[in-house]
Amino acid sequence: DAGVIQSPRHEVTEMGQEVTLRCKPISGHNSLFWYRQTMMRGLELLIYFNNNVPIDDSGMPEDRFSAKMPNASFSTLKIQPSEPRDSAVYFCASSGGTGSVGANVLTFGAGSRLTVL
Amino acid sequence: AQSVTQPDIHITVSEGASLELRCNYSYGATPYLFWYVQSPGQGLQLLLKYFSGDTLVQGIKGFEAEFKRSQSSFNLRKPSVHWSDAAEYFCAVGAGGYQKVTFGTGTKLQVIP
């Protein structure tokens with residue numbers, strides 16, 4: 001398996017622009033997580049899905065952020081409009097397998113580094 | 001709500017020396033505990049996990065961790081550190097099932113010759 005695939009790896013954009021980050025989870029995994037990592041706040045859970053349904057989006061910072069999972073093999077995180085304080089590395093992770101432990105073990109993508117000027 | 005504390009932000013050890021990274025958790029029931037490692041520019045990789053049974057668990061790259069319920073701790077250890085172990089290490093706690101996993105703030109490990 002190719003693992004969790006994220007794109008783009010790097011994105012530089014100007015304030016006010018729309019940003020879309022993409023994630024392809026591991027085939028067969030039924031939970032997907034979006035995290036944001038910054039120096040100041042560490043690793044924050046933004047939202048997670050189970051069987052394509054959003055379960056907890058309490059970590060989404062503002063209405064400018066939205067996430068979708070239209071099918072089991074694809075998810076997007078959108079920021080519109082983007083602001084400089086959104087600059088961070090955004091990670092997607094997926095989990096699955098049988099039993100509770102499998103469900104809790106996360107496999108991370110390589111991340112998307114976003115810079116908003 | 002579950003939480004994780006990693007009291008050491010940064011640790012420096014000499015190559016060949018032993019290592020212990022501290023992790024304390026807060027959770028009402030038996031936790032699912034994890035250690036992940038992140039190399040620069042990379043995502044997080046699972047080192048080891050604990051969910052039940054033997055409280056001393058072995059992981060990849062020669063790491064081990066011990067679950068101590070009385071101390072609410074899950075410290076990571078390695079008897080002899082290699083320069084390639086320089087990275088950031090994250091402790092995490094989960095509730096099992098399809099629940100979220102909460103990460104600590106990480107400990108950055110520097111290895112000096």
# chains A, B, ... in the order shown; residues from 1 in each chain; ligands from 1
$ residues_around --residues "Arg85 of chain A" --least-positions-apart "5" --cutoff "10 Å" --atoms "only C-alpha atoms" --output "ChimeraX atom specification"
/A:15,38,115-117
$ interface_residues --of "chain A" --to "chain B" --cutoff "9 Å" --atoms "only C-alpha atoms" --output "PyMOL selection string"
chain A and resi 31+33+41-45+48+50+55-56+91+95-96+99-111
$ select_by_dssp --residues "segment 1-109 of chain B" --states "helix (DSSP H, G or I)" --output "VMD selection string"
chain B and resid 60 to 62 69 to 71 83 to 85
$ residues_around --residues "Thr20 of chain A" --least-positions-apart "5" --cutoff "10 Å" --atoms "only C-alpha atoms" --output "ChimeraX atom specification"
/A:7-8,11,65-67,76-80
$ residues_around --residues "Ser73 of chain B" --least-positions-apart "5" --cutoff "8 Å" --atoms "only C-alpha atoms" --output "number ranges by chain"
B: 22-25, 66-68
$ atom_distance --atom1 "atom CA of Met39 of chain A" --atom2 "atom CA of Gly16 of chain B"
29.1 Å
$ decode --residues "segment 2-37 of chain A" --atoms "N, CA, C and O atoms" --output "compact mmCIF listing (two decimals), in the first residue's frame"
# COMPACT_ATOMS: atom_id res chain seq x y z
N ALA A 2 0.46 2.28 -0.67
CA ALA A 2 1.27 3.49 -0.77
C ALA A 2 1.18 4.35 0.48
O ALA A 2 1.84 5.37 0.57
N GLY A 3 0.37 3.98 1.42
CA GLY A 3 0.21 4.78 2.62
C GLY A 3 -0.80 5.89 2.40
O GLY A 3 -1.52 5.93 1.40
N VAL A 4 -0.85 6.81 3.35
CA VAL A 4 -1.74 7.96 3.24
C VAL A 4 -1.08 8.99 2.33
O VAL A 4 0.07 9.37 2.55
N ILE A 5 -1.81 9.41 1.33
CA ILE A 5 -1.24 10.33 0.33
C ILE A 5 -1.90 11.69 0.46
O ILE A 5 -3.13 11.81 0.40
N GLN A 6 -1.06 12.70 0.62
CA GLN A 6 -1.54 14.07 0.74
C GLN A 6 -1.00 14.93 -0.40
O GLN A 6 0.13 14.75 -0.84
N SER A 7 -1.84 15.85 -0.83
CA SER A 7 -1.38 16.82 -1.83
C SER A 7 -2.07 18.15 -1.59
O SER A 7 -3.19 18.19 -1.05
N PRO A 8 -1.42 19.25 -1.93
CA PRO A 8 0.00 19.32 -2.33
C PRO A 8 0.92 19.17 -1.14
O PRO A 8 0.47 19.28 0.00
N ARG A 9 2.18 18.93 -1.34
CA ARG A 9 3.13 18.86 -0.23
C ARG A 9 3.47 20.26 0.28
O ARG A 9 3.71 20.46 1.47
N HIS A 10 3.48 21.19 -0.62
CA HIS A 10 3.77 22.57 -0.25
C HIS A 10 2.81 23.49 -1.00
O HIS A 10 2.54 23.26 -2.18
N GLU A 11 2.33 24.50 -0.29
CA GLU A 11 1.44 25.47 -0.93
C GLU A 11 1.76 26.84 -0.37
O GLU A 11 1.79 27.04 0.86
N VAL A 12 2.01 27.76 -1.27
CA VAL A 12 2.21 29.15 -0.89
C VAL A 12 1.12 29.96 -1.56
O VAL A 12 0.95 29.87 -2.78
N THR A 13 0.39 30.73 -0.78
CA THR A 13 -0.72 31.48 -1.34
C THR A 13 -0.80 32.84 -0.67
O THR A 13 -0.13 33.09 0.33
N GLU A 14 -1.62 33.67 -1.21
CA GLU A 14 -1.80 35.00 -0.63
C GLU A 14 -3.07 35.05 0.20
O GLU A 14 -4.05 34.34 -0.08
N MET A 15 -3.02 35.90 1.19
CA MET A 15 -4.17 36.08 2.07
C MET A 15 -5.43 36.33 1.25
O MET A 15 -5.40 37.09 0.28
N GLY A 16 -6.49 35.66 1.63
CA GLY A 16 -7.76 35.84 0.95
C GLY A 16 -8.06 34.77 -0.09
O GLY A 16 -9.21 34.61 -0.51
N GLN A 17 -7.04 34.04 -0.48
CA GLN A 17 -7.23 33.00 -1.48
C GLN A 17 -7.82 31.73 -0.84
O GLN A 17 -7.65 31.48 0.35
N GLU A 18 -8.46 30.94 -1.67
CA GLU A 18 -8.97 29.65 -1.22
C GLU A 18 -7.88 28.60 -1.32
O GLU A 18 -7.13 28.55 -2.29
N VAL A 19 -7.82 27.76 -0.30
CA VAL A 19 -6.84 26.68 -0.27
C VAL A 19 -7.58 25.36 -0.11
O VAL A 19 -8.48 25.25 0.72
N THR A 20 -7.21 24.39 -0.91
CA THR A 20 -7.79 23.05 -0.79
C THR A 20 -6.68 22.02 -0.62
O THR A 20 -5.79 21.91 -1.48
N LEU A 21 -6.74 21.31 0.46
CA LEU A 21 -5.78 20.24 0.73
C LEU A 21 -6.50 18.91 0.54
O LEU A 21 -7.67 18.77 0.91
N ARG A 22 -5.76 17.94 0.02
CA ARG A 22 -6.39 16.67 -0.35
C ARG A 22 -5.73 15.50 0.35
O ARG A 22 -4.54 15.55 0.66
N CYS A 23 -6.51 14.47 0.56
CA CYS A 23 -6.01 13.30 1.27
C CYS A 23 -6.64 12.03 0.72
O CYS A 23 -7.87 11.96 0.54
N LYS A 24 -5.80 11.04 0.49
CA LYS A 24 -6.27 9.71 0.12
C LYS A 24 -5.85 8.77 1.23
O LYS A 24 -4.66 8.52 1.43
N PRO A 25 -6.80 8.22 1.98
CA PRO A 25 -6.43 7.34 3.09
C PRO A 25 -6.02 5.96 2.59
O PRO A 25 -6.13 5.65 1.41
N ILE A 26 -5.53 5.16 3.50
CA ILE A 26 -5.18 3.79 3.17
C ILE A 26 -6.46 3.00 2.86
O ILE A 26 -7.46 3.12 3.57
N SER A 27 -6.39 2.24 1.81
CA SER A 27 -7.55 1.46 1.40
C SER A 27 -7.97 0.51 2.53
O SER A 27 -7.14 -0.20 3.11
N GLY A 28 -9.27 0.54 2.84
CA GLY A 28 -9.79 -0.32 3.90
C GLY A 28 -9.88 0.37 5.26
O GLY A 28 -10.57 -0.11 6.15
N HIS A 29 -9.18 1.47 5.43
CA HIS A 29 -9.31 2.24 6.66
C HIS A 29 -10.63 2.99 6.63
O HIS A 29 -10.99 3.58 5.61
N ASN A 30 -11.32 3.00 7.76
CA ASN A 30 -12.63 3.65 7.76
C ASN A 30 -12.71 4.88 8.65
O ASN A 30 -13.79 5.44 8.85
N SER A 31 -11.58 5.30 9.21
CA SER A 31 -11.56 6.56 9.95
C SER A 31 -10.48 7.46 9.36
O SER A 31 -9.40 6.98 8.99
N LEU A 32 -10.80 8.74 9.28
CA LEU A 32 -9.85 9.70 8.72
C LEU A 32 -9.82 10.93 9.60
O LEU A 32 -10.85 11.41 10.08
N PHE A 33 -8.60 11.42 9.83
CA PHE A 33 -8.38 12.53 10.76
C PHE A 33 -7.60 13.63 10.05
O PHE A 33 -6.67 13.36 9.28
N TRP A 34 -7.94 14.87 10.33
CA TRP A 34 -7.16 16.02 9.89
C TRP A 34 -6.56 16.70 11.14
O TRP A 34 -7.28 17.07 12.07
N TYR A 35 -5.23 16.84 11.12
CA TYR A 35 -4.52 17.52 12.19
C TYR A 35 -3.80 18.74 11.62
O TYR A 35 -3.42 18.77 10.45
N ARG A 36 -3.57 19.71 12.49
CA ARG A 36 -2.75 20.87 12.13
C ARG A 36 -1.60 20.96 13.12
O ARG A 36 -1.81 20.81 14.33
N GLN A 37 -0.40 21.22 12.60
CA GLN A 37 0.77 21.30 13.48
C GLN A 37 1.44 22.66 13.32
O GLN A 37 1.80 23.06 12.21
